file start_4.csv (CSV, C-alpha atoms (C1' of nucleotides))
chain,number,residue,atom,x,y,z
A,1,MET,CA,-140.7,26.9,-11.4
A,2,ASP,CA,-141.6,29.0,-8.3
A,3,ALA,CA,-139.4,29.9,-5.3
A,4,LEU,CA,-139.9,26.4,-3.8
A,5,ASP,CA,-138.3,24.7,-6.8
A,6,ARG,CA,-135.5,27.2,-6.9
A,7,SER,CA,-134.5,26.9,-3.3
A,8,PRO,CA,-133.2,23.3,-3.4
A,9,GLU,CA,-131.2,24.2,-6.5
A,10,SER,CA,-129.5,26.9,-4.5
A,11,LEU,CA,-128.5,24.3,-1.9
A,12,GLY,CA,-126.4,22.7,-4.6
A,13,VAL,CA,-124.5,25.9,-5.4
A,14,LEU,CA,-124.2,26.5,-1.6
A,15,ILE,CA,-122.4,23.2,-1.3
A,16,LYS,CA,-120.1,24.0,-4.1
A,17,GLU,CA,-119.4,27.4,-2.7
A,18,THR,CA,-118.5,26.1,0.7
A,19,GLN,CA,-116.4,23.3,-0.7
A,20,SER,CA,-114.5,25.7,-3.0
A,21,LEU,CA,-113.9,28.2,-0.2
A,22,LEU,CA,-112.7,25.4,2.2
A,23,ASN,CA,-110.4,24.1,-0.5
A,24,GLN,CA,-109.0,27.5,-1.1
A,25,ARG,CA,-108.4,28.1,2.6
A,26,MET,CA,-106.8,24.7,3.1
A,27,ASP,CA,-104.5,25.4,0.1
A,28,ASP,CA,-103.4,28.7,1.7
A,29,ARG,CA,-102.5,26.9,4.9
A,30,LEU,CA,-100.9,23.8,3.3
A,31,ARG,CA,-98.8,25.7,0.7
A,32,PRO,CA,-96.1,26.6,3.3
A,33,LEU,CA,-95.7,22.9,3.9
A,34,ALA,CA,-95.3,22.2,0.2
A,35,LEU,CA,-98.5,20.2,0.2
A,36,SER,CA,-101.5,20.4,-2.1
A,37,VAL,CA,-105.0,19.6,-0.9
A,38,PRO,CA,-105.1,16.3,-3.0
A,39,GLN,CA,-101.7,15.3,-1.6
A,40,TYR,CA,-102.9,16.0,2.0
A,41,ALA,CA,-106.1,14.0,1.4
A,42,CYS,CA,-104.1,11.2,0.0
A,43,LEU,CA,-101.7,11.1,2.9
A,44,THR,CA,-104.6,11.3,5.4
A,45,ALA,CA,-106.4,8.4,3.8
A,46,LEU,CA,-103.1,6.5,3.8
A,47,GLN,CA,-102.7,7.3,7.5
A,48,ASP,CA,-106.3,6.1,8.3
A,49,THR,CA,-105.8,2.9,6.3
A,50,PRO,CA,-102.1,1.8,6.0
A,51,GLY,CA,-101.2,-0.5,3.1
A,52,ILE,CA,-104.2,0.7,1.0
A,53,THR,CA,-104.0,0.2,-2.7
A,54,SER,CA,-103.7,3.0,-5.3
A,55,SER,CA,-107.0,2.4,-6.9
A,56,GLU,CA,-108.9,2.4,-3.5
A,57,LEU,CA,-107.1,5.6,-2.8
A,58,ALA,CA,-108.3,7.1,-6.0
A,59,ARG,CA,-111.9,6.1,-5.3
A,60,ARG,CA,-111.8,7.8,-1.9
A,61,ALA,CA,-110.5,11.0,-3.4
A,62,PHE,CA,-112.9,10.9,-6.3
A,63,VAL,CA,-110.2,11.0,-8.9
A,64,SER,CA,-109.1,8.5,-11.6
A,65,ARG,CA,-106.5,5.8,-10.9
A,66,GLN,CA,-104.1,7.5,-13.3
A,67,SER,CA,-104.2,10.8,-11.5
A,68,MET,CA,-103.7,9.2,-8.1
A,69,ASN,CA,-100.7,7.3,-9.6
A,70,VAL,CA,-98.9,10.5,-10.7
A,71,LEU,CA,-99.7,12.0,-7.3
A,72,LEU,CA,-98.2,9.0,-5.6
A,73,GLN,CA,-95.1,9.2,-7.8
A,74,GLY,CA,-94.5,12.7,-6.6
A,75,LEU,CA,-94.9,11.7,-3.0
A,76,GLU,CA,-92.6,8.7,-3.5
A,77,LYS,CA,-89.9,11.0,-5.0
A,78,ARG,CA,-90.1,13.2,-1.9
A,79,GLY,CA,-89.7,10.1,0.3
A,80,LEU,CA,-93.1,10.5,2.0
A,81,VAL,CA,-94.5,7.2,0.9
A,82,THR,CA,-93.1,3.8,-0.2
A,83,ARG,CA,-94.8,1.4,-2.6
A,84,SER,CA,-94.0,-2.2,-2.2
A,85,SER,CA,-92.1,-3.4,-5.2
A,86,ASP,CA,-93.5,-6.9,-4.9
A,87,PRO,CA,-96.7,-6.9,-6.9
A,88,GLY,CA,-98.9,-8.7,-4.3
A,89,PRO,CA,-101.6,-11.2,-5.0
A,90,ARG,CA,-103.7,-9.3,-7.5
A,91,ARG,CA,-101.0,-7.3,-9.1
A,92,GLU,CA,-101.5,-4.5,-6.5
A,93,ARG,CA,-98.8,-2.6,-4.8
A,94,SER,CA,-99.5,-1.6,-1.3
A,95,VAL,CA,-98.6,1.9,-0.2
A,96,VAL,CA,-97.4,2.9,3.2
A,97,LEU,CA,-96.5,6.2,4.9
A,98,ASN,CA,-92.9,7.1,5.7
A,99,ASP,CA,-91.8,8.6,9.0
A,100,ALA,CA,-91.3,11.9,7.4
A,101,ALA,CA,-94.9,11.9,6.3
A,102,GLU,CA,-96.2,11.2,9.8
A,103,LEU,CA,-94.2,14.1,11.0
A,104,LEU,CA,-95.4,16.4,8.3
A,105,LEU,CA,-99.0,15.3,8.8
A,106,GLU,CA,-98.8,16.4,12.4
A,107,ARG,CA,-98.3,20.0,11.3
A,108,ALA,CA,-100.7,19.6,8.4
A,109,HIS,CA,-103.5,18.3,10.7
A,110,GLU,CA,-103.1,21.3,12.9
A,111,GLU,CA,-103.5,23.7,10.0
A,112,VAL,CA,-106.5,21.9,8.6
A,113,SER,CA,-108.1,21.6,12.0
A,114,SER,CA,-107.6,25.4,12.4
A,115,VAL,CA,-109.4,26.1,9.1
A,116,VAL,CA,-112.3,23.7,9.8
A,117,HIS,CA,-112.6,25.1,13.3
A,118,ARG,CA,-112.9,28.6,11.9
A,119,MET,CA,-115.5,27.4,9.4
A,120,THR,CA,-117.7,26.2,12.2
A,121,VAL,CA,-117.0,28.9,14.7
A,122,GLU,CA,-120.5,30.5,14.2
A,123,VAL,CA,-122.2,27.1,14.8
A,124,GLU,CA,-122.8,25.8,18.2
A,125,PRO,CA,-121.4,22.3,18.9
A,126,VAL,CA,-124.9,20.8,19.1
A,127,GLU,CA,-125.9,22.2,15.7
A,128,ARG,CA,-122.5,21.1,14.4
A,129,VAL,CA,-123.4,17.4,14.8
A,130,ARG,CA,-126.8,18.1,13.3
A,131,LEU,CA,-125.2,19.7,10.3
A,132,TYR,CA,-123.0,16.7,9.9
A,133,GLU,CA,-125.9,14.3,10.2
A,134,LEU,CA,-128.1,16.2,7.7
A,135,LEU,CA,-125.3,16.5,5.2
A,136,ALA,CA,-124.4,12.8,5.6
A,137,ARG,CA,-128.0,11.9,4.8
A,138,CYS,CA,-127.7,14.0,1.6
A,139,ARG,CA,-124.5,12.2,0.6
A,140,ASP,CA,-126.0,8.8,1.2
A,141,ALA,CA,-129.0,9.6,-0.9
A,142,LEU,CA,-126.6,10.3,-3.8
A,143,LEU,CA,-124.5,7.2,-3.3
A,144,ILE,CA,-126.6,4.5,-4.9
A,145,PRO,CA,-126.4,4.9,-8.7
B,1,MET,CA,-105.5,15.0,18.6
B,2,ASP,CA,-108.4,13.1,20.2
B,3,ALA,CA,-111.8,12.3,18.7
B,4,LEU,CA,-113.1,15.8,19.2
B,5,ASP,CA,-110.3,17.3,17.0
B,6,ARG,CA,-110.9,14.7,14.3
B,7,SER,CA,-114.6,15.1,14.0
B,8,PRO,CA,-114.6,18.6,12.5
B,9,GLU,CA,-111.9,17.5,10.0
B,10,SER,CA,-114.3,14.8,8.8
B,11,LEU,CA,-116.9,17.5,8.2
B,12,GLY,CA,-114.5,18.8,5.6
B,13,VAL,CA,-114.3,15.5,3.8
B,14,LEU,CA,-118.1,15.1,4.1
B,15,ILE,CA,-118.6,18.3,2.3
B,16,LYS,CA,-116.2,17.2,-0.4
B,17,GLU,CA,-117.8,13.8,-0.7
B,18,THR,CA,-121.3,15.4,-1.1
B,19,GLN,CA,-120.1,17.9,-3.6
B,20,SER,CA,-118.3,15.3,-5.7
B,21,LEU,CA,-121.3,13.0,-5.7
B,22,LEU,CA,-123.7,15.8,-6.6
B,23,ASN,CA,-121.4,16.9,-9.4
B,24,GLN,CA,-121.3,13.4,-10.7
B,25,ARG,CA,-125.0,13.0,-10.6
B,26,MET,CA,-125.6,16.3,-12.3
B,27,ASP,CA,-123.1,15.4,-15.0
B,28,ASP,CA,-125.0,12.1,-15.7
B,29,ARG,CA,-128.3,14.1,-16.1
B,30,LEU,CA,-126.7,17.0,-18.1
B,31,ARG,CA,-124.7,14.8,-20.5
B,32,PRO,CA,-127.7,14.0,-22.7
B,33,LEU,CA,-128.2,17.7,-23.2
B,34,ALA,CA,-124.6,18.1,-24.3
B,35,LEU,CA,-124.0,20.3,-21.2
B,36,SER,CA,-121.2,20.0,-18.7
B,37,VAL,CA,-121.7,21.1,-15.1
B,38,PRO,CA,-119.5,24.2,-15.5
B,39,GLN,CA,-121.4,25.2,-18.6
B,40,TYR,CA,-124.7,24.8,-16.8
B,41,ALA,CA,-123.5,26.8,-13.9
B,42,CYS,CA,-122.3,29.5,-16.3
B,43,LEU,CA,-125.6,29.7,-18.1
B,44,THR,CA,-127.6,29.7,-14.9
B,45,ALA,CA,-125.5,32.6,-13.5
B,46,LEU,CA,-126.0,34.4,-16.8
B,47,GLN,CA,-129.8,33.8,-16.5
B,48,ASP,CA,-129.9,35.2,-13.0
B,49,THR,CA,-127.8,38.3,-13.9
B,50,PRO,CA,-128.0,39.1,-17.6
B,51,GLY,CA,-125.3,41.2,-19.2
B,52,ILE,CA,-122.8,40.1,-16.6
B,53,THR,CA,-119.1,40.3,-17.4
B,54,SER,CA,-116.8,37.3,-18.0
B,55,SER,CA,-114.6,38.0,-15.0
B,56,GLU,CA,-117.5,38.2,-12.6
B,57,LEU,CA,-118.8,35.0,-14.1
B,58,ALA,CA,-115.4,33.4,-13.4
B,59,ARG,CA,-115.5,34.6,-9.8
B,60,ARG,CA,-118.9,33.1,-9.1
B,61,ALA,CA,-117.8,29.8,-10.6
B,62,PHE,CA,-114.5,29.8,-8.6
B,63,VAL,CA,-112.4,29.5,-11.8
B,64,SER,CA,-109.9,31.7,-13.5
B,65,ARG,CA,-110.9,34.3,-16.1
B,66,GLN,CA,-109.1,32.3,-18.8
B,67,SER,CA,-111.0,29.1,-18.1
B,68,MET,CA,-114.3,31.0,-18.2
B,69,ASN,CA,-113.2,32.6,-21.4
B,70,VAL,CA,-112.7,29.3,-23.3
B,71,LEU,CA,-115.9,28.0,-21.8
B,72,LEU,CA,-117.7,31.1,-23.2
B,73,GLN,CA,-116.1,30.6,-26.6
B,74,GLY,CA,-117.6,27.1,-26.7
B,75,LEU,CA,-121.0,28.4,-25.7
B,76,GLU,CA,-120.8,31.2,-28.3
B,77,LYS,CA,-119.9,28.8,-31.1
B,78,ARG,CA,-123.0,26.8,-30.2
B,79,GLY,CA,-125.1,29.9,-30.4
B,80,LEU,CA,-126.1,29.8,-26.8
B,81,VAL,CA,-124.7,33.1,-25.7
B,82,THR,CA,-123.6,36.4,-27.5
B,83,ARG,CA,-120.9,38.7,-26.4
B,84,SER,CA,-121.2,42.3,-27.2
B,85,SER,CA,-118.5,43.2,-29.7
B,86,ASP,CA,-118.4,46.8,-28.4
B,87,PRO,CA,-115.9,46.8,-25.6
B,88,GLY,CA,-118.0,48.8,-23.1
B,89,PRO,CA,-116.6,51.5,-20.7
B,90,ARG,CA,-113.9,49.5,-18.9
B,91,ARG,CA,-112.9,47.3,-21.9
B,92,GLU,CA,-115.5,44.7,-20.7
B,93,ARG,CA,-117.8,42.8,-23.1
B,94,SER,CA,-121.2,42.0,-21.6
B,95,VAL,CA,-122.6,38.5,-22.2
B,96,VAL,CA,-126.3,37.7,-22.7
B,97,LEU,CA,-128.2,34.5,-23.1
B,98,ASN,CA,-129.7,33.5,-26.5
B,99,ASP,CA,-133.2,32.1,-26.9
B,100,ALA,CA,-131.9,28.6,-27.5
B,101,ALA,CA,-130.1,28.8,-24.2
B,102,GLU,CA,-133.3,29.8,-22.4
B,103,LEU,CA,-135.1,26.8,-24.0
B,104,LEU,CA,-132.2,24.5,-23.1
B,105,LEU,CA,-132.1,25.7,-19.5
B,106,GLU,CA,-135.7,24.9,-19.0
B,107,ARG,CA,-134.9,21.2,-19.5
B,108,ALA,CA,-131.6,21.4,-17.7
B,109,HIS,CA,-133.3,23.0,-14.6
B,110,GLU,CA,-135.7,20.1,-14.5
B,111,GLU,CA,-132.9,17.6,-14.5
B,112,VAL,CA,-130.9,19.4,-11.8
B,113,SER,CA,-134.0,20.0,-9.7
B,114,SER,CA,-134.6,16.3,-9.9
B,115,VAL,CA,-131.2,15.5,-8.7
B,116,VAL,CA,-131.2,18.0,-5.8
B,117,HIS,CA,-134.7,16.8,-4.8
B,118,ARG,CA,-133.5,13.3,-4.6
B,119,MET,CA,-130.5,14.4,-2.5
B,120,THR,CA,-132.8,15.9,0.1
B,121,VAL,CA,-135.5,13.3,-0.1
B,122,GLU,CA,-134.5,11.9,3.3
B,123,VAL,CA,-134.6,15.3,4.9
B,124,GLU,CA,-137.8,16.9,6.0
B,125,PRO,CA,-138.5,20.4,4.6
B,126,VAL,CA,-138.1,22.1,8.0
B,127,GLU,CA,-134.6,20.4,8.4
B,128,ARG,CA,-133.8,21.4,4.8
B,129,VAL,CA,-133.9,25.1,5.5
B,130,ARG,CA,-131.9,24.5,8.7
B,131,LEU,CA,-129.3,22.6,6.7
B,132,TYR,CA,-129.1,25.5,4.3
B,133,GLU,CA,-128.8,28.1,7.1
B,134,LEU,CA,-126.0,26.1,8.9
B,135,LEU,CA,-124.1,25.5,5.7
B,136,ALA,CA,-124.4,29.2,4.7
B,137,ARG,CA,-123.0,30.2,8.1
B,138,CYS,CA,-120.0,27.9,7.4
B,139,ARG,CA,-119.5,29.4,4.0
B,140,ASP,CA,-119.7,33.0,5.3
B,141,ALA,CA,-117.1,32.2,7.9
B,142,LEU,CA,-114.7,31.2,5.2
B,143,LEU,CA,-115.4,34.3,3.0
B,144,ILE,CA,-113.3,36.9,4.7
B,145,PRO,CA,-109.6,36.3,3.9
C,1,DT,C1',-102.0,67.4,-14.3
C,2,DC,C1',-99.5,63.3,-13.8
C,3,DG,C1',-98.6,59.0,-12.0
C,4,DC,C1',-100.4,55.0,-9.9
C,5,DC,C1',-103.4,51.2,-9.1
C,6,DA,C1',-107.3,48.1,-9.9
C,7,DG,C1',-110.1,45.8,-13.2
C,8,DT,C1',-110.6,43.5,-17.7
C,9,DG,C1',-109.6,40.8,-21.8
C,10,DT,C1',-106.2,38.1,-24.1
C,11,DC,C1',-102.0,35.2,-25.3
C,12,DA,C1',-98.6,31.6,-24.2
C,13,DA,C1',-96.8,27.9,-21.4
C,14,DT,C1',-97.5,24.7,-17.9
C,15,DA,C1',-99.8,21.5,-14.9
C,16,DT,C1',-103.5,18.6,-13.9
C,17,DC,C1',-107.2,15.4,-14.8
C,18,DC,C1',-109.8,12.3,-17.6
C,19,DT,C1',-111.0,8.9,-21.3
C,20,DG,C1',-109.6,5.0,-24.0
C,21,DA,C1',-106.8,1.1,-24.4
C,22,DC,C1',-103.7,-2.7,-23.2
C,23,DA,C1',-101.7,-6.5,-20.4
C,24,DC,C1',-101.9,-9.2,-16.3
C,25,DT,C1',-104.1,-11.8,-12.4
C,26,DC,C1',-107.6,-13.7,-9.5
C,27,DG,C1',-112.1,-15.9,-8.6
C,28,DT,C1',-116.1,-17.8,-10.5
C,29,DT,C1',-119.0,-20.2,-13.7
C,30,DG,C1',-120.0,-22.8,-17.7
D,1,DC,C1',-110.6,-27.7,-17.3
D,2,DA,C1',-111.5,-23.5,-20.1
D,3,DA,C1',-113.7,-19.1,-20.5
D,4,DC,C1',-115.4,-15.1,-18.7
D,5,DG,C1',-115.8,-10.9,-15.8
D,6,DA,C1',-113.8,-8.0,-12.3
D,7,DG,C1',-110.0,-5.6,-10.4
D,8,DT,C1',-105.3,-3.4,-10.9
D,9,DG,C1',-101.4,-1.0,-12.9
D,10,DT,C1',-99.7,1.4,-16.9
D,11,DC,C1',-99.1,4.0,-21.4
D,12,DA,C1',-100.8,7.5,-24.7
D,13,DG,C1',-103.9,11.2,-26.2
D,14,DG,C1',-106.8,15.0,-25.5
D,15,DA,C1',-109.5,18.1,-22.8
D,16,DT,C1',-109.5,21.4,-19.1
D,17,DA,C1',-107.6,24.6,-15.5
D,18,DT,C1',-104.0,27.4,-13.7
D,19,DT,C1',-100.1,30.6,-13.5
D,20,DG,C1',-97.6,34.3,-15.6
D,21,DA,C1',-97.4,38.0,-18.6
D,22,DC,C1',-98.9,41.9,-21.6
D,23,DA,C1',-101.8,45.9,-23.2
D,24,DC,C1',-105.7,48.9,-22.4
D,25,DT,C1',-108.9,51.9,-19.6
D,26,DG,C1',-111.2,54.2,-15.7
D,27,DG,C1',-110.8,56.3,-11.1
D,28,DC,C1',-107.8,58.2,-7.3
D,29,DG,C1',-104.5,60.7,-4.7
D,30,DA,C1',-99.9,63.2,-4.7

call {"tool": "encode", "arguments": {"input": "start_4.csv", "output": "structure tokens"}}
result
Amino acid sequence: MDALDRSPESLGVLIKETQSLLNQRMDDRLRPLALSVPQYACLTALQDTPGITSSELARRAFVSRQSMNVLLQGLEKRGLVTRSSDPGPRRERSVVLNDAAELLLERAHEEVSSVVHRMTVEVEPVERVRLYELLARCRDALLIP
Amino acid sequence: MDALDRSPESLGVLIKETQSLLNQRMDDRLRPLALSVPQYACLTALQDTPGITSSELARRAFVSRQSMNVLLQGLEKRGLVTRSSDPGPRRERSVVLNDAAELLLERAHEEVSSVVHRMTVEVEPVERVRLYELLARCRDALLIP
DNA sequence: TCGCCAGTGTCAATATCCTGACACTCGTTG
DNA sequence: CAACGAGTGTCAGGATATTGACACTGGCGA
């Protein structure tokens, strides 16, 4: 109950603060492109792994399948993604990016890179990889159950 | 567009992954106490700064005033907090913790400390403060606009 | 002094996300 | 071969968060 027990707890709020700020700044930059942060994350995951399924997409974004589904419907109506109408082997419909999405992502990646670069502007590159490694260790420790 | 530009972007998703996992683990531990993570965060901020206003509470939790208001109504109905009925100087109603909340927070802090301790179990204490300092620098860089 | 602006609390409407449930398909296991 | 669990997509309901708008009050500058 002393200061040593309280300090790790404040690491949790620090993570939340940083994530919320980063989300807000990304939203500011992505809004002119008519993209929300979840939409950008979805398109990016789709770019890294083409033909991925909707459920896998939901898992990576830490949302439910239903939410990812409505998000994909919006992207499909805008012509950014296309879902294969043929249900595939296990009733899954693969999703792929459209050319318009690739073009839009080029600009979006620039904006997001600008934000993240600004976030780490006060951290030397050597410390940057150290921060990444330490944080990754924290994430992995929470993965199991 | 090479690997150097992509690495900082992955730091952003790493922060989101860690925060989502931490949120999920905290929710698992707090659910038996009938507490959601936003409720716990609200009570904790109220414990650190008694008599705080609802709007300030919303700012610290990165939510709108309206959301914090309905959250406070739920806590008030459970007898965990009491809002002063006298509107104060600038129409604000100060919120204070009840004894039941202090008692509940004792157990909740134990659970949360357990989760955060487990998150940093693979990080030596010296590296832990380094992680905190580096992440705090990132957060501060995003604070300004 | 008067008007203006920032801050607060509140109401209404909207959007987003989640839980629960169902049907369908595959692989595995009895 | 039949039954079962796991994975996927979808529908409906409810909980939660946000945006927009309004009224009220204190401090500030014209």

call {"tool": "closest_atom_pairs", "arguments": {"input": "start_4.csv", "of": "chain D", "to": "chain B", "cutoff": "10 Å", "atoms": "only C-alpha atoms (C1' of nucleotides)", "output": "CSV"}}
result
residue,atom,partner,partner_atom,distance
D:DT16,C1',B:Ser67,CA,7.9
D:DA17,C1',B:Ser67,CA,6.2
D:DT18,C1',B:Ser64,CA,7.3
D:DT19,C1',B:Ser64,CA,9.9
D:DC24,C1',B:Arg91,CA,7.4
D:DT25,C1',B:Arg90,CA,5.6
D:DG26,C1',B:Arg90,CA,6.3

call {"tool": "residues_near_point", "arguments": {"input": "start_4.csv", "point": "(-98.4, -0.8, -11.8)", "cutoff": "10 Å", "atoms": "all atoms listed in the file", "output": "count of residues only"}}
result
10

call {"tool": "residues_around", "arguments": {"input": "start_4.csv", "residues": "Pro50 of chain A", "least_positions_apart": "4", "cutoff": "12 Å", "atoms": "only C-alpha atoms (C1' of nucleotides)", "output": "PyMOL selection string"}}
result
chain A and resi 42-46+54+56-57+81-83+94-98+102

call {"tool": "write_last_selection", "arguments": {"input": "start_4.csv", "atoms": "C-alpha atoms", "output": "PDB file, in the frame of the given file"}}
result
ATOM      1  CA  CYS A  42    -104.100  11.200   0.000  1.00  0.00           C
ATOM      2  CA  LEU A  43    -101.700  11.100   2.900  1.00  0.00           C
ATOM      3  CA  THR A  44    -104.600  11.300   5.400  1.00  0.00           C
ATOM      4  CA  ALA A  45    -106.400   8.400   3.800  1.00  0.00           C
ATOM      5  CA  LEU A  46    -103.100   6.500   3.800  1.00  0.00           C
ATOM      6  CA  SER A  54    -103.700   3.000  -5.300  1.00  0.00           C
ATOM      7  CA  GLU A  56    -108.900   2.400  -3.500  1.00  0.00           C
ATOM      8  CA  LEU A  57    -107.100   5.600  -2.800  1.00  0.00           C
ATOM      9  CA  VAL A  81     -94.500   7.200   0.900  1.00  0.00           C
ATOM     10  CA  THR A  82     -93.100   3.800  -0.200  1.00  0.00           C
ATOM     11  CA  ARG A  83     -94.800   1.400  -2.600  1.00  0.00           C
ATOM     12  CA  SER A  94     -99.500  -1.600  -1.300  1.00  0.00           C
ATOM     13  CA  VAL A  95     -98.600   1.900  -0.200  1.00  0.00           C
ATOM     14  CA  VAL A  96     -97.400   2.900   3.200  1.00  0.00           C
ATOM     15  CA  LEU A  97     -96.500   6.200   4.900  1.00  0.00           C
ATOM     16  CA  ASN A  98     -92.900   7.100   5.700  1.00  0.00           C
ATOM     17  CA  GLU A 102     -96.200  11.200   9.800  1.00  0.00           C
TER      18      GLU A 102
END

call {"tool": "closest_residue", "arguments": {"input": "start_4.csv", "among": "A:Ala108, A:Leu30, A:Ala100, A:Leu142", "to": "chain B", "atoms": "all atoms listed in the file"}}
result
A:Leu142

call {"tool": "atom_distance", "arguments": {"input": "start_4.csv", "atom1": "atom CA of Arg59 of chain A", "atom2": "atom CA of Leu72 of chain A"}}
result
14.0 Å

call {"tool": "atom_distance", "arguments": {"input": "start_4.csv", "atom1": "atom CA of Val37 of chain A", "atom2": "atom CA of Ser84 of chain A"}}
result
24.5 Å

call {"tool": "interface_residues", "arguments": {"input": "start_4.csv", "of": "chain C", "to": "chain B", "cutoff": "12 Å", "atoms": "only C-alpha atoms (C1' of nucleotides)", "output": "number ranges by chain"}}
result
C: 6-12

call {"tool": "closest_atom_pairs", "arguments": {"input": "start_4.csv", "of": "chain B", "to": "chain A", "cutoff": "8 Å", "atoms": "all atoms listed in the file", "output": "CSV"}}
result
residue,atom,partner,partner_atom,distance
B:Asp5,CA,A:Ser113,CA,7.0
B:Arg6,CA,A:Ser113,CA,7.8
B:Pro8,CA,A:Val116,CA,6.2
B:Glu9,CA,A:Ser113,CA,5.9
B:Leu11,CA,A:Tyr132,CA,6.4
B:Gly12,CA,A:Val116,CA,6.8
B:Leu14,CA,A:Ala136,CA,6.9
B:Ile15,CA,A:Gln19,CA,6.2
B:Lys16,CA,A:Gln19,CA,6.1
B:Glu17,CA,A:Arg139,CA,7.0
B:Thr18,CA,A:Arg139,CA,4.8
B:Gln19,CA,A:Lys16,CA,6.1
B:Ser20,CA,A:Phe62,CA,7.0
B:Leu21,CA,A:Leu142,CA,6.2
B:Leu22,CA,A:Leu142,CA,6.8
B:Arg25,CA,A:Leu142,CA,7.5
B:Phe62,CA,A:Ser20,CA,6.9
B:Val112,CA,A:Glu9,CA,7.2
B:Ser113,CA,A:Glu9,CA,6.0
B:Val116,CA,A:Pro8,CA,6.2
B:His117,CA,A:Pro8,CA,6.8
B:Arg118,CA,A:Ala141,CA,6.9
B:Met119,CA,A:Cys138,CA,5.0
B:Thr120,CA,A:Cys138,CA,5.6
B:Val121,CA,A:Ala141,CA,7.5
B:Glu122,CA,A:Arg137,CA,6.7
B:Val123,CA,A:Leu134,CA,7.1
B:Glu127,CA,A:Leu134,CA,7.8
B:Leu131,CA,A:Leu131,CA,6.2
B:Tyr132,CA,A:Leu11,CA,6.3
B:Leu134,CA,A:Leu131,CA,6.6
B:Leu135,CA,A:Leu14,CA,7.4
B:Ala136,CA,A:Leu14,CA,6.9
B:Arg137,CA,A:Glu122,CA,6.6
B:Cys138,CA,A:Met119,CA,4.9
B:Arg139,CA,A:Thr18,CA,4.8
B:Ala141,CA,A:Met119,CA,5.3
B:Leu142,CA,A:Met119,CA,5.7
B:Leu143,CA,A:Leu21,CA,7.0

call {"tool": "atom_distance", "arguments": {"input": "start_4.csv", "atom1": "atom CA of Pro32 of chain A", "atom2": "atom C1' of DA15 of chain C"}}
result
19.3 Å

call {"tool": "build_atoms", "arguments": {"input": "start_4.csv", "residues": "segment 45-56 of chain A", "atoms": "N, CA and C atoms", "output": "mmCIF file, keeping the file's coordinate frame"}}
result
data_model
loop_
_atom_site.group_PDB
_atom_site.id
_atom_site.type_symbol
_atom_site.label_atom_id
_atom_site.label_comp_id
_atom_site.auth_asym_id
_atom_site.auth_seq_id
_atom_site.Cartn_x
_atom_site.Cartn_y
_atom_site.Cartn_z
ATOM 1 N N ALA A 45 -105.755 9.690 4.036
ATOM 2 C CA ALA A 45 -106.400 8.400 3.800
ATOM 3 C C ALA A 45 -105.404 7.264 4.016
ATOM 4 N N LEU A 46 -104.150 7.520 3.652
ATOM 5 C CA LEU A 46 -103.100 6.500 3.800
ATOM 6 C C LEU A 46 -102.801 6.313 5.316
ATOM 7 N N GLN A 47 -102.972 7.378 6.093
ATOM 8 C CA GLN A 47 -102.700 7.300 7.500
ATOM 9 C C GLN A 47 -103.884 6.503 8.213
ATOM 10 N N ASP A 48 -105.109 6.754 7.747
ATOM 11 C CA ASP A 48 -106.300 6.100 8.300
ATOM 12 C C ASP A 48 -106.266 4.575 7.962
ATOM 13 N N THR A 49 -105.790 4.257 6.776
ATOM 14 C CA THR A 49 -105.800 2.900 6.300
ATOM 15 C C THR A 49 -104.466 2.538 5.680
ATOM 16 N N PRO A 50 -103.479 2.131 6.505
ATOM 17 C CA PRO A 50 -102.100 1.800 6.000
ATOM 18 C C PRO A 50 -102.169 0.634 5.035
ATOM 19 N N GLY A 51 -101.276 0.644 4.052
ATOM 20 C CA GLY A 51 -101.200 -0.500 3.100
ATOM 21 C C GLY A 51 -102.302 -0.513 2.109
ATOM 22 N N ILE A 52 -103.048 0.600 1.987
ATOM 23 C CA ILE A 52 -104.200 0.700 1.000
ATOM 24 C C ILE A 52 -103.592 0.653 -0.385
ATOM 25 N N THR A 53 -104.432 0.252 -1.332
ATOM 26 C CA THR A 53 -104.000 0.200 -2.700
ATOM 27 C C THR A 53 -104.246 1.547 -3.422
ATOM 28 N N SER A 54 -103.571 1.747 -4.545
ATOM 29 C CA SER A 54 -103.700 3.000 -5.300
ATOM 30 C C SER A 54 -105.063 3.259 -5.806
ATOM 31 N N SER A 55 -105.693 2.215 -6.299
ATOM 32 C CA SER A 55 -107.000 2.400 -6.900
ATOM 33 C C SER A 55 -108.052 2.736 -5.794
ATOM 34 N N GLU A 56 -107.962 2.071 -4.635
ATOM 35 C CA GLU A 56 -108.900 2.400 -3.500
ATOM 36 C C GLU A 56 -108.646 3.849 -3.092
#
